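work.txt (compact mmCIF, C-alpha atoms and all ligand atoms)
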# COMPACT_ATOMS: atom_id res chain seq x y z
CA MET A 276 221.38 -76.15 -184.82
CA SER A 277 224.46 -74.17 -183.78
CA MET A 278 224.51 -70.38 -183.38
CA GLN A 279 227.74 -68.45 -183.82
CA LEU A 280 228.67 -64.76 -183.91
CA HIS A 281 231.46 -64.83 -186.41
CA SER A 282 233.11 -63.89 -189.63
CA LEU A 283 231.58 -64.94 -192.94
CA LYS A 284 235.04 -65.59 -194.39
CA PRO A 285 234.62 -69.40 -194.31
CA TYR A 286 231.17 -69.05 -195.89
CA ASN A 287 232.06 -67.21 -199.11
CA THR A 288 234.50 -68.40 -201.76
CA PHE A 289 235.77 -64.85 -202.39
CA HIS A 290 237.03 -65.18 -198.79
CA LEU A 291 235.88 -61.68 -197.91
CA ASP A 292 235.98 -60.96 -194.22
CA ALA A 293 232.46 -59.55 -193.79
CA HIS A 294 230.54 -60.34 -190.61
CA ALA A 295 226.98 -61.28 -189.73
CA GLN A 296 225.15 -60.72 -186.46
CA HIS A 297 224.28 -64.41 -186.33
CA ILE A 298 225.16 -67.51 -188.31
CA ALA A 299 222.81 -70.46 -188.01
CA VAL A 300 223.99 -73.73 -189.52
CA ILE A 301 220.88 -75.87 -190.03
CA ASP A 302 220.56 -79.60 -190.71
CA THR A 303 216.81 -79.99 -191.24
CA ALA A 304 213.92 -78.11 -192.87
CA ALA A 305 212.32 -77.70 -189.42
CA GLU A 306 215.48 -76.01 -188.09
CA LEU A 307 215.52 -73.77 -191.14
CA ALA A 308 211.92 -72.68 -190.54
CA ALA A 309 212.66 -72.11 -186.83
CA ALA A 310 215.73 -69.96 -187.60
CA TRP A 311 213.69 -67.94 -190.07
CA GLN A 312 210.82 -67.40 -187.57
CA GLU A 313 213.31 -66.39 -184.88
CA SER A 314 214.84 -63.73 -187.14
CA LEU A 315 211.41 -62.52 -188.17
CA LYS A 316 210.51 -62.03 -184.49
CA LYS A 317 213.64 -59.94 -184.03
CA GLN A 318 212.82 -58.10 -187.26
CA GLN A 319 216.18 -59.08 -188.64
CA PRO A 320 216.97 -59.70 -192.30
CA VAL A 321 217.91 -63.24 -193.30
CA LEU A 322 220.40 -64.45 -195.88
CA LEU A 323 220.23 -68.08 -196.99
CA LEU A 324 223.51 -69.61 -198.03
CA GLY A 325 224.79 -72.87 -199.42
CA GLU A 326 228.55 -72.66 -199.88
CA GLY A 327 228.72 -68.95 -200.78
CA SER A 328 230.30 -69.64 -204.17
CA ASN A 329 228.09 -67.26 -206.11
CA ILE A 330 227.90 -64.24 -203.81
CA LEU A 331 229.77 -61.00 -203.30
CA LEU A 332 229.48 -59.62 -199.77
CA LEU A 333 229.48 -55.83 -200.10
CA GLU A 334 229.56 -55.12 -196.36
CA ASP A 335 228.70 -56.65 -192.97
CA PHE A 336 225.30 -58.34 -192.94
CA GLN A 337 222.97 -56.84 -190.32
CA GLY A 338 221.06 -60.01 -189.61
CA THR A 339 221.15 -63.81 -189.59
CA VAL A 340 222.87 -65.94 -192.18
CA ILE A 341 221.26 -69.37 -192.42
CA VAL A 342 223.68 -71.94 -193.80
CA ASN A 343 221.87 -74.88 -195.36
CA ARG A 344 223.34 -78.29 -194.51
CA ILE A 345 220.28 -80.49 -195.07
CA LYS A 346 221.85 -83.79 -196.11
CA GLY A 347 220.77 -87.08 -197.66
CA ILE A 348 220.77 -88.84 -201.01
CA ASN A 349 217.95 -91.33 -201.58
CA VAL A 350 217.95 -93.42 -204.73
CA SER A 351 215.07 -95.26 -206.34
CA GLU A 352 214.92 -97.09 -209.65
CA SER A 353 212.38 -97.32 -212.44
CA ASN A 354 212.66 -99.20 -215.73
CA GLU A 355 214.12 -96.22 -217.55
CA ALA A 356 215.90 -94.16 -214.92
CA TRP A 357 217.55 -93.63 -211.57
CA HIS A 358 215.68 -91.16 -209.37
CA LEU A 359 217.74 -89.28 -206.80
CA HIS A 360 216.13 -87.25 -204.02
CA VAL A 361 218.88 -85.03 -202.65
CA GLY A 362 218.99 -82.77 -199.58
CA ALA A 363 219.64 -79.13 -200.51
CA GLY A 364 222.76 -78.95 -198.33
CA GLU A 365 224.62 -81.78 -200.07
CA ASN A 366 227.75 -80.72 -201.96
CA TRP A 367 227.13 -80.71 -205.73
CA HIS A 368 230.44 -82.27 -206.79
CA ARG A 369 230.01 -84.99 -204.17
CA LEU A 370 226.68 -85.85 -205.78
CA VAL A 371 228.41 -86.05 -209.18
CA THR A 372 231.11 -88.45 -207.90
CA TYR A 373 228.57 -90.49 -205.89
CA SER A 374 226.46 -90.94 -209.03
CA LEU A 375 229.38 -92.05 -211.17
CA GLU A 376 230.63 -94.45 -208.49
CA ASN A 377 227.18 -96.06 -208.44
CA GLY A 378 226.97 -96.33 -212.21
CA PHE A 379 224.45 -93.51 -212.76
CA SER A 380 225.49 -91.37 -215.72
CA GLY A 381 224.36 -87.91 -216.74
CA LEU A 382 226.05 -85.56 -214.28
CA GLU A 383 229.64 -85.98 -215.58
CA ASN A 384 229.69 -82.70 -217.57
CA LEU A 385 228.74 -80.82 -214.39
CA ALA A 386 231.74 -82.04 -212.37
CA LEU A 387 233.64 -79.68 -210.07
CA ILE A 388 230.98 -76.95 -209.94
CA PRO A 389 231.22 -75.61 -206.38
CA GLY A 390 228.23 -75.15 -204.14
CA CYS A 391 225.25 -77.02 -202.77
CA VAL A 392 222.71 -79.13 -204.61
CA GLY A 393 219.94 -76.81 -203.36
CA SER A 394 221.57 -73.83 -205.04
CA ALA A 395 221.95 -75.58 -208.40
CA PRO A 396 218.39 -74.84 -209.62
CA ILE A 397 218.60 -71.14 -208.74
CA GLN A 398 220.80 -70.18 -211.66
CA ASN A 399 220.28 -73.50 -213.48
CA ILE A 400 223.98 -74.36 -213.20
CA GLY A 401 225.60 -75.29 -216.46
CA ALA A 402 228.92 -76.26 -217.98
CA TYR A 403 230.36 -78.09 -220.98
CA GLY A 404 227.10 -78.40 -222.88
CA VAL A 405 224.81 -79.51 -220.03
CA GLU A 406 222.52 -77.54 -217.72
CA LEU A 407 220.78 -78.67 -214.55
CA LYS A 408 217.43 -78.43 -216.31
CA GLN A 409 218.33 -81.50 -218.39
CA VAL A 410 218.61 -83.71 -215.29
CA CYS A 411 216.26 -81.95 -212.87
CA ASP A 412 213.04 -83.79 -212.08
CA TYR A 413 211.62 -81.48 -209.39
CA VAL A 414 212.54 -78.98 -206.69
CA ASP A 415 211.05 -78.99 -203.18
CA VAL A 416 210.66 -75.47 -201.89
CA MET A 417 209.47 -74.29 -198.48
CA ASN A 418 207.38 -71.17 -197.99
CA LEU A 419 209.20 -69.81 -194.92
CA THR A 420 206.24 -67.84 -193.61
CA SER A 421 203.74 -70.72 -193.67
CA GLY A 422 206.18 -73.66 -193.43
CA HIS A 423 204.33 -75.19 -196.39
CA ILE A 424 206.47 -77.36 -198.68
CA GLN A 425 205.65 -77.43 -202.38
CA ARG A 426 207.08 -79.58 -205.16
CA LEU A 427 207.75 -77.74 -208.43
CA SER A 428 208.24 -79.79 -211.58
CA ALA A 429 211.25 -78.94 -213.73
CA GLU A 430 208.90 -77.21 -216.13
CA GLU A 431 207.42 -75.09 -213.35
CA CYS A 432 210.95 -73.96 -212.42
CA CYS A 433 211.09 -71.96 -215.73
CA PHE A 434 214.78 -72.73 -216.25
CA GLY A 435 216.70 -70.48 -218.61
CA TYR A 436 220.34 -69.51 -219.10
CA ARG A 437 221.52 -68.75 -215.54
CA ASP A 438 217.88 -68.19 -214.63
CA SER A 439 214.86 -69.82 -212.96
CA ILE A 440 211.73 -69.03 -210.99
CA PHE A 441 213.97 -68.91 -207.87
CA LYS A 442 215.32 -65.55 -209.08
CA HIS A 443 211.76 -64.25 -209.53
CA GLN A 444 208.45 -65.29 -207.89
CA PHE A 445 210.12 -67.84 -205.61
CA GLN A 446 213.06 -65.73 -204.48
CA ASP A 447 212.08 -63.93 -201.29
CA GLY A 448 210.60 -65.92 -198.43
CA TYR A 449 211.31 -69.35 -199.95
CA ALA A 450 214.02 -71.92 -199.31
CA ILE A 451 214.90 -74.85 -201.52
CA ILE A 452 215.13 -77.91 -199.29
CA ALA A 453 215.58 -80.78 -201.76
CA VAL A 454 216.13 -81.46 -205.44
CA GLY A 455 214.99 -84.44 -207.49
CA ILE A 456 217.43 -85.61 -210.14
CA LEU A 457 216.44 -87.99 -212.93
CA LEU A 458 219.24 -89.88 -214.68
CA ARG A 459 218.14 -91.97 -217.64
CA LYS A 460 219.59 -95.46 -217.98
CA ALA A 461 219.84 -94.91 -221.75
CA TRP A 462 222.79 -92.56 -221.49
CA THR A 463 223.52 -90.00 -224.22
CA PRO A 464 227.02 -88.56 -223.97
CA VAL A 465 227.33 -84.81 -224.54
CA ILE A 466 230.70 -84.17 -226.14
CA THR A 467 230.08 -80.98 -228.06
CA TYR A 468 232.16 -78.53 -226.00
CA GLY A 469 235.89 -77.76 -226.06
CA GLU A 470 238.26 -80.69 -225.52
CA LEU A 471 235.27 -83.08 -225.26
CA THR A 472 234.88 -82.97 -229.06
CA THR A 473 238.04 -85.09 -229.37
CA LEU A 474 236.37 -88.04 -227.60
CA ASP A 475 234.95 -90.92 -229.65
CA ILE A 476 231.14 -90.93 -229.51
CA ASP A 477 231.01 -94.72 -230.06
CA THR A 478 233.28 -95.75 -227.22
CA VAL A 479 233.25 -92.84 -224.76
CA GLN A 480 232.55 -93.63 -221.09
CA PRO A 481 231.10 -91.22 -218.51
CA ARG A 482 234.34 -91.35 -216.52
CA GLN A 483 236.32 -90.06 -219.54
CA ILE A 484 234.01 -87.05 -219.83
CA PHE A 485 234.29 -86.46 -216.08
CA ASP A 486 238.10 -86.57 -216.28
CA ALA A 487 238.26 -84.26 -219.32
CA VAL A 488 235.88 -81.75 -217.69
CA CYS A 489 237.95 -81.77 -214.48
CA ARG A 490 241.14 -81.27 -216.50
CA MET A 491 239.73 -78.33 -218.50
CA ARG A 492 238.29 -76.68 -215.42
CA ARG A 493 241.51 -77.06 -213.42
CA SER A 494 243.55 -75.52 -216.25
CA LYS A 495 241.42 -72.34 -216.40
CA LEU A 496 239.48 -71.78 -213.21
CA PRO A 497 241.20 -70.86 -209.95
CA ASP A 498 240.61 -73.21 -207.02
CA PRO A 499 238.63 -71.14 -204.48
CA ASN A 500 240.51 -72.90 -201.66
CA ILE A 501 243.67 -71.21 -202.92
CA VAL A 502 242.53 -68.02 -204.68
CA GLY A 503 239.22 -66.43 -203.69
CA ASN A 504 236.70 -66.16 -206.54
CA ALA A 505 233.08 -66.87 -207.43
CA GLY A 506 233.52 -68.43 -210.87
CA SER A 507 232.31 -66.41 -213.85
CA PHE A 508 231.67 -62.97 -212.46
CA PHE A 509 229.46 -61.88 -215.38
CA LYS A 510 226.92 -63.74 -217.49
CA ASN A 511 227.67 -64.27 -221.14
CA PRO A 512 225.62 -61.56 -222.87
CA VAL A 513 222.72 -62.75 -225.01
CA VAL A 514 222.14 -60.36 -227.92
CA SER A 515 220.09 -60.19 -231.12
CA SER A 516 221.45 -61.84 -234.27
CA ILE A 517 221.89 -58.35 -235.77
CA VAL A 518 224.13 -57.16 -232.93
CA ALA A 519 226.11 -60.42 -233.14
CA ALA A 520 226.54 -60.12 -236.92
CA THR A 521 227.89 -56.57 -236.57
CA LEU A 522 230.38 -57.73 -233.93
CA LYS A 523 231.45 -60.70 -236.05
CA GLN A 524 231.99 -58.46 -239.07
CA LYS A 525 234.33 -56.20 -237.13
CA TYR A 526 235.95 -59.01 -235.09
CA PRO A 527 235.82 -62.25 -237.13
CA ASP A 528 237.52 -64.18 -234.28
CA SER A 529 234.88 -63.36 -231.67
CA PRO A 530 233.14 -66.52 -230.39
CA VAL A 531 229.35 -66.48 -230.90
CA TYR A 532 226.86 -69.21 -229.98
CA ALA A 533 223.50 -69.29 -231.79
CA GLN A 534 220.60 -70.01 -229.39
CA ALA A 535 217.45 -71.99 -230.16
CA ASP A 536 215.28 -68.84 -230.03
CA GLY A 537 217.34 -67.00 -232.68
CA SER A 538 219.32 -64.89 -230.20
CA VAL A 539 223.10 -65.21 -229.92
CA LYS A 540 225.30 -65.69 -226.86
CA LEU A 541 228.64 -63.86 -226.81
CA ALA A 542 231.70 -64.86 -224.80
CA ALA A 543 232.16 -62.29 -222.05
CA GLY A 544 235.66 -63.67 -221.31
CA TRP A 545 236.70 -62.89 -224.88
CA LEU A 546 235.24 -59.37 -224.71
CA ILE A 547 237.14 -58.72 -221.45
CA GLU A 548 240.39 -60.13 -222.80
CA GLN A 549 240.08 -58.01 -225.98
CA SER A 550 239.60 -54.97 -223.74
CA GLU A 551 243.12 -55.73 -222.49
CA LEU A 552 241.98 -56.39 -218.97
CA LYS A 553 243.62 -59.77 -218.24
CA GLY A 554 245.65 -59.35 -215.06
CA TYR A 555 244.28 -55.82 -214.54
CA HIS A 556 243.81 -55.08 -210.84
CA ILE A 557 242.31 -52.57 -208.46
CA GLY A 558 243.40 -52.84 -204.83
CA GLY A 559 243.52 -56.56 -204.03
CA ALA A 560 241.08 -57.55 -206.78
CA ALA A 561 242.23 -58.73 -210.21
CA VAL A 562 241.02 -60.13 -213.53
CA HIS A 563 242.19 -63.76 -213.66
CA ARG A 564 244.93 -64.30 -216.26
CA GLN A 565 243.79 -67.79 -217.35
CA GLN A 566 240.09 -66.85 -217.67
CA ALA A 567 239.16 -63.18 -217.91
CA LEU A 568 235.54 -63.81 -216.91
CA VAL A 569 236.70 -64.66 -213.40
CA LEU A 570 237.51 -61.88 -210.94
CA ILE A 571 239.80 -62.96 -208.13
CA ASN A 572 240.68 -61.92 -204.61
CA GLU A 573 244.39 -61.75 -205.37
CA ASP A 574 245.66 -59.96 -202.32
CA ASP A 575 243.33 -59.43 -199.37
CA ALA A 576 240.73 -57.61 -201.46
CA SER A 577 237.74 -55.84 -199.95
CA GLY A 578 234.23 -56.09 -201.38
CA GLU A 579 234.74 -52.51 -202.56
CA ASP A 580 237.86 -53.50 -204.54
CA ILE A 581 235.88 -56.18 -206.35
CA VAL A 582 233.00 -53.79 -207.04
CA ALA A 583 235.42 -51.14 -208.38
CA LEU A 584 237.07 -53.73 -210.64
CA ALA A 585 233.71 -55.04 -211.89
CA ARG A 586 232.62 -51.47 -212.66
CA GLU A 587 235.82 -50.83 -214.62
CA VAL A 588 235.42 -54.08 -216.58
CA ARG A 589 231.78 -53.29 -217.43
CA HIS A 590 232.69 -49.78 -218.58
CA ARG A 591 235.72 -50.73 -220.65
CA VAL A 592 233.90 -53.57 -222.41
CA GLY A 593 230.80 -51.37 -222.87
CA GLU A 594 232.80 -48.53 -224.40
CA LYS A 595 234.72 -50.79 -226.75
CA PHE A 596 231.93 -53.11 -227.89
CA ASN A 597 228.70 -51.39 -226.80
CA VAL A 598 227.83 -54.61 -224.95
CA TRP A 599 227.04 -54.06 -221.27
CA LEU A 600 227.93 -57.00 -219.04
CA GLU A 601 225.66 -58.04 -216.18
CA PRO A 602 226.96 -59.87 -213.11
CA GLU A 603 226.11 -63.51 -212.60
CA VAL A 604 227.31 -63.22 -208.99
CA ARG A 605 224.68 -62.11 -206.44
CA PHE A 606 225.54 -58.88 -204.58
CA ILE A 607 224.68 -58.95 -200.88
CA GLY A 608 224.37 -55.71 -198.93
CA ALA A 609 223.82 -55.05 -195.21
CA TYR A 610 220.10 -55.90 -195.36
CA GLY A 611 219.89 -58.29 -198.30
CA GLU A 612 220.50 -58.61 -202.00
CA LYS A 613 221.19 -55.50 -204.06
CA ASN A 614 220.69 -54.95 -207.78
CA ALA A 615 224.15 -55.84 -209.08
CA VAL A 616 223.86 -53.90 -212.34
CA GLU A 617 222.92 -50.73 -210.43
CA VAL A 618 225.86 -51.19 -208.04
CA ILE A 619 228.41 -51.31 -210.88
CA SER A 620 226.78 -48.87 -213.32
P1 LIG B 1 225.46 -69.57 -202.62
O1 LIG B 1 226.52 -68.70 -203.19
O2 LIG B 1 225.54 -69.94 -201.19
O3 LIG B 1 224.04 -68.87 -202.88
C1 LIG B 1 223.72 -68.36 -204.15
C2 LIG B 1 222.35 -67.67 -204.08
O4 LIG B 1 221.33 -68.61 -203.79
C3 LIG B 1 222.26 -66.60 -202.98
O5 LIG B 1 221.46 -65.55 -203.46
C4 LIG B 1 221.57 -67.35 -201.84
O6 LIG B 1 220.87 -66.46 -200.99
C5 LIG B 1 220.63 -68.28 -202.57
N1 LIG B 1 220.41 -69.56 -201.88
C6 LIG B 1 221.39 -70.40 -201.41
N2 LIG B 1 220.83 -71.52 -200.92
C7 LIG B 1 219.49 -71.39 -201.08
C8 LIG B 1 218.37 -72.25 -200.76
N3 LIG B 1 218.51 -73.46 -200.20
N4 LIG B 1 217.13 -71.79 -201.06
C9 LIG B 1 216.96 -70.59 -201.66
N5 LIG B 1 217.98 -69.74 -201.96
C10 LIG B 1 219.21 -70.15 -201.66
N6 LIG B 1 228.16 -71.98 -211.90
C11 LIG B 1 227.73 -72.59 -213.03
O7 LIG B 1 226.54 -72.55 -213.35
N7 LIG B 1 228.59 -73.26 -213.85
C12 LIG B 1 229.90 -73.36 -213.57
O8 LIG B 1 230.65 -73.96 -214.33
C13 LIG B 1 230.39 -72.73 -212.38
N8 LIG B 1 231.71 -72.79 -212.07
C14 LIG B 1 232.16 -72.18 -210.94
C15 LIG B 1 233.52 -72.27 -210.63
C16 LIG B 1 234.02 -71.69 -209.48
C17 LIG B 1 235.49 -71.81 -209.17
C18 LIG B 1 233.14 -71.01 -208.59
C19 LIG B 1 233.66 -70.42 -207.32
C20 LIG B 1 231.79 -70.90 -208.90
C21 LIG B 1 231.28 -71.48 -210.07
N9 LIG B 1 229.92 -71.40 -210.44
C22 LIG B 1 229.46 -72.04 -211.57
C23 LIG B 1 228.96 -70.68 -209.57
C24 LIG B 1 228.45 -71.53 -208.39
O9 LIG B 1 229.16 -72.72 -208.29
C25 LIG B 1 226.97 -71.84 -208.55
O10 LIG B 1 226.20 -70.68 -208.69
C26 LIG B 1 226.42 -72.65 -207.36
O11 LIG B 1 225.18 -73.21 -207.67
C27 LIG B 1 226.32 -71.80 -206.10
O12 LIG B 1 226.06 -72.66 -205.01
P2 LIG B 1 226.25 -72.16 -203.51
O13 LIG B 1 225.68 -73.23 -202.64
O14 LIG B 1 227.64 -71.77 -203.25
O15 LIG B 1 225.29 -70.88 -203.51
N1 LIG B 2 237.69 -66.72 -223.84
C1 LIG B 2 238.70 -65.84 -224.17
N2 LIG B 2 239.41 -65.28 -223.15
C2 LIG B 2 239.16 -65.56 -221.85
C3 LIG B 2 238.12 -66.44 -221.51
C4 LIG B 2 237.39 -67.01 -222.53
O1 LIG B 2 238.95 -65.56 -225.34
O2 LIG B 2 239.87 -65.02 -221.01
C5 LIG B 2 236.95 -67.38 -224.94
C6 LIG B 2 237.35 -68.87 -225.04
O3 LIG B 2 238.48 -69.04 -225.83
C7 LIG B 2 236.11 -69.49 -225.65
C8 LIG B 2 234.98 -68.63 -225.08
O4 LIG B 2 235.57 -67.41 -224.65
O5 LIG B 2 236.14 -69.33 -227.04
C9 LIG B 2 234.23 -69.32 -223.95
O6 LIG B 2 235.16 -69.58 -222.87
P1 LIG B 2 234.99 -70.83 -221.86
O7 LIG B 2 234.81 -72.07 -222.64
O8 LIG B 2 236.10 -70.77 -220.89
O9 LIG B 2 233.60 -70.58 -221.14
P2 LIG B 2 232.87 -69.25 -220.62
O10 LIG B 2 231.81 -68.89 -221.63
O11 LIG B 2 233.86 -68.20 -220.27
C10 LIG B 2 230.96 -70.55 -219.43
C11 LIG B 2 230.28 -70.51 -218.11
C12 LIG B 2 231.10 -71.26 -217.07
C13 LIG B 2 231.25 -72.71 -217.54
C14 LIG B 2 231.96 -72.71 -218.88
C15 LIG B 2 232.10 -74.09 -219.47
C16 LIG B 2 228.97 -68.47 -217.99
C17 LIG B 2 228.85 -67.10 -217.43
N3 LIG B 2 230.08 -69.14 -217.67
O12 LIG B 2 232.17 -69.81 -219.30
O13 LIG B 2 230.40 -71.25 -215.85
O14 LIG B 2 232.02 -73.45 -216.61
O15 LIG B 2 231.20 -71.90 -219.81
O16 LIG B 2 230.88 -74.53 -219.96
O17 LIG B 2 228.07 -68.92 -218.69
C18 LIG B 2 230.11 -69.93 -213.86
O18 LIG B 2 228.94 -69.78 -214.23
O19 LIG B 2 230.55 -69.49 -212.78
C19 LIG B 2 231.01 -70.69 -214.72
C20 LIG B 2 232.31 -70.87 -214.44
Rewritten as structure tokens:
Amino acid sequence: MSMQLHSLKPYNTFHLDAHAQHIAVIDTAAELAAAWQESLKKQQPVLLLGEGSNILLLEDFQGTVIVNRIKGINVSESNEAWHLHVGAGENWHRLVTYSLENGFSGLENLALIPGCVGSAPIQNIGAYGVELKQVCDYVDVMNLTSGHIQRLSAEECCFGYRDSIFKHQFQDGYAIIAVGILLRKAWTPVITYGELTTLDIDTVQPRQIFDAVCRMRRSKLPDPNIVGNAGSFFKNPVVSSIVAATLKQKYPDSPVYAQADGSVKLAAGWLIEQSELKGYHIGGAAVHRQQALVLINEDDASGEDIVALAREVRHRVGEKFNVWLEPEVRFIGAYGEKNAVEVIS
């Protein structure tokens, strides 16, 4: 375990220059528990991080940031499936490429999503028609106070759209230390989204889906290594079928996605674009021109710039459509997470 007293700039993909009192980069669950206990003794708050690709640092963090780098991919085989037990600190995209290289299919739609494997269950990462919940077998979670490690089945994780038990009962005082992934040998391609619909269901190979997903993502989403961002800043709003029908009547072009439970998902990027906010900026923060759902650190933005921009976006979209966007990104204050909706209301 290494202790440093430095900037959090390398640890958040918005590249905001907030600081922490301590940064502990941990390689094992035991080190994680020790770092937590140490902070508890000093009565300091703790922030757990993977790759910081879904956080907005509002200010300096008055405590210890624990960066999870627990590594390891162990593979076992049953008649029907490949079973992968993956350390929480492994890079997600590396897991996707590792799987494909070894002939295990099922993760190709989730290529190029930044962040760690251990963070993937928290918001049930999803893209191009697939969500983590479809490939998740279990999640190993450590109770940081007792050190006890518990295995939650995928069902127990209560996965929903950008949601899971790790944003509720298992949020505070718990750390995800490993994730079990189950990839069935009988592969079913998912080619229902965007450019993927042009692929031939009878001949398509996982690698083609992987390549198409990478191409689509690279054409819209800014590379965080070049332009600071945290992906979609807001969640796509889920509304009743009545609200969606009213919107569709007034704006026949608005994309709407019917959900299994009868509700309807709207496209926040479309709502933001229609509010004429593409390219709009406040201070160093801007709405990305290729994908309006992404807020970017265009020019040395502060956390306050990004908050002010998010507030403006929420208000403009709310006033025009009476749909009130909620951040997907987690807002981190001096002592821990803050309610993001309250911050930008
Ligand atoms: P972090 O940002 O480090 O942490 C996120 C939250 O989880 C924080 O609250 C943190 O405290 C908590 N946390 C971190 N590690 C642990 C742990 N081990 N145990 C418990 N809590 C922990 N997301 C999608 O779903 N689909 C996409 O297509 C997508 N595209 C993106 C594209 C770009 C360019 C970017 C920058 C982001 C994108 N995202 C997407 C969001 C992001 O990739 C995911 O949310 C990812 O899972 C975050 O991983 P991370 O390791 O960076 O998490
Ligand atoms: N759209 C616009 N203008 C824009 C952006 C989007 O009109 O500026 C329209 C598109 O034309 C399309 C619809 O909105 O009709 C949806 O756009 P897109 O396919 O780009 O996806 P998204 O809904 O904006 C979601 C996820 C992404 C994920 C993609 C692909 C959320 C909040 N975001 O974005 O996840 O990669 O679908 O599946 O659900 C993330 O969570 O960080 C993330 C990037």
What do you get as an mmCIF file with C-alpha atoms, in the frame of the given file if you pick all residues at most 6 Å from ligand LIG 1 (chain B), counting all atoms listed in the file?
data_model
loop_
_atom_site.group_PDB
_atom_site.id
_atom_site.type_symbol
_atom_site.label_atom_id
_atom_site.label_comp_id
_atom_site.auth_asym_id
_atom_site.auth_seq_id
_atom_site.Cartn_x
_atom_site.Cartn_y
_atom_site.Cartn_z
ATOM 1 C CA THR A 288 234.500 -68.400 -201.760
ATOM 2 C CA LEU A 322 220.400 -64.450 -195.880
ATOM 3 C CA LEU A 323 220.230 -68.080 -196.990
ATOM 4 C CA LEU A 324 223.510 -69.610 -198.030
ATOM 5 C CA GLY A 325 224.790 -72.870 -199.420
ATOM 6 C CA GLU A 326 228.550 -72.660 -199.880
ATOM 7 C CA GLY A 327 228.720 -68.950 -200.780
ATOM 8 C CA SER A 328 230.300 -69.640 -204.170
ATOM 9 C CA ASN A 329 228.090 -67.260 -206.110
ATOM 10 C CA ILE A 330 227.900 -64.240 -203.810
ATOM 11 C CA ALA A 363 219.640 -79.130 -200.510
ATOM 12 C CA ILE A 388 230.980 -76.950 -209.940
ATOM 13 C CA PRO A 389 231.220 -75.610 -206.380
ATOM 14 C CA GLY A 390 228.230 -75.150 -204.140
ATOM 15 C CA CYS A 391 225.250 -77.020 -202.770
ATOM 16 C CA GLY A 393 219.940 -76.810 -203.360
ATOM 17 C CA SER A 394 221.570 -73.830 -205.040
ATOM 18 C CA ALA A 395 221.950 -75.580 -208.400
ATOM 19 C CA ILE A 400 223.980 -74.360 -213.200
ATOM 20 C CA GLY A 401 225.600 -75.290 -216.460
ATOM 21 C CA ALA A 402 228.920 -76.260 -217.980
ATOM 22 C CA ALA A 450 214.020 -71.920 -199.310
ATOM 23 C CA ILE A 451 214.900 -74.850 -201.520
ATOM 24 C CA ILE A 452 215.130 -77.910 -199.290
ATOM 25 C CA LEU A 496 239.480 -71.780 -213.210
ATOM 26 C CA PRO A 497 241.200 -70.860 -209.950
ATOM 27 C CA ASP A 498 240.610 -73.210 -207.020
ATOM 28 C CA PRO A 499 238.630 -71.140 -204.480
ATOM 29 C CA ASN A 504 236.700 -66.160 -206.540
ATOM 30 C CA ALA A 505 233.080 -66.870 -207.430
ATOM 31 C CA GLY A 506 233.520 -68.430 -210.870
ATOM 32 C CA ARG A 605 224.680 -62.110 -206.440
#
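If you measure from each of A:Val582, A:Val502, A:Val405, A:Val618 to ligand LIG 2 (chain B) using all atoms listed in the file, the closest one turns out to be A:Val405.
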Option closest in space to Pro512 of chain A, from A:Gly593, A:Gly469, A:Gly404, A:Gly554 [counting all atoms listed in the file]: A:Gly593
Within 6 Å of ligand LIG 2 (chain B) (all atoms listed in the file), residues as a PyMOL selection string: chain A and resi 402-403+506-507+509-511+530+542+544-545+548+566-568
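Proximity ranking of A:His360, A:Arg437, A:Arg344, A:His281 relative to Val300 of chain A places A:Arg344 first, based on only C-alpha atoms.
Once Ala304 of chain A and its same-chain neighbours fewer than 3 positions away are set aside, Ile301, Leu307, Ala308, Ala309, Asn343, Ile345, Met417, Gly422, Ala450 and Ile452 of chain A remain within 9 Å of it when counting only C-alpha atoms.
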Long-range neighbours of segment 600-602 of chain A as a short mmCIF file (atom, residue, chain, number, x, y, z; two decimals) with C-alpha atoms, in the frame of the given file, 10 Å cut-off, all atoms listed in the file, 2 positions minimum in chain:
data_model
loop_
_atom_site.label_atom_id
_atom_site.label_comp_id
_atom_site.auth_asym_id
_atom_site.auth_seq_id
_atom_site.Cartn_x
_atom_site.Cartn_y
_atom_site.Cartn_z
CA SER A 507 232.31 -66.41 -213.85
CA PHE A 508 231.67 -62.97 -212.46
CA PHE A 509 229.46 -61.88 -215.38
CA LYS A 510 226.92 -63.74 -217.49
CA ASN A 511 227.67 -64.27 -221.14
CA PRO A 512 225.62 -61.56 -222.87
CA VAL A 513 222.72 -62.75 -225.01
CA ALA A 543 232.16 -62.29 -222.05
CA LEU A 546 235.24 -59.37 -224.71
CA ILE A 547 237.14 -58.72 -221.45
CA ALA A 585 233.71 -55.04 -211.89
CA ARG A 586 232.62 -51.47 -212.66
CA VAL A 588 235.42 -54.08 -216.58
CA ARG A 589 231.78 -53.29 -217.43
CA HIS A 590 232.69 -49.78 -218.58
CA VAL A 592 233.90 -53.57 -222.41
CA GLY A 593 230.80 -51.37 -222.87
CA ASN A 597 228.70 -51.39 -226.80
CA VAL A 598 227.83 -54.61 -224.95
CA VAL A 604 227.31 -63.22 -208.99
CA ARG A 605 224.68 -62.11 -206.44
CA PHE A 606 225.54 -58.88 -204.58
CA ASN A 614 220.69 -54.95 -207.78
CA ALA A 615 224.15 -55.84 -209.08
CA VAL A 616 223.86 -53.90 -212.34
CA GLU A 617 222.92 -50.73 -210.43
CA ILE A 619 228.41 -51.31 -210.88
CA SER A 620 226.78 -48.87 -213.32
#
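Atom pair atom CA of Thr472 of chain A / atom CA of Ile484 of chain A has a distance of 10.1 Å (rounded to one decimal).
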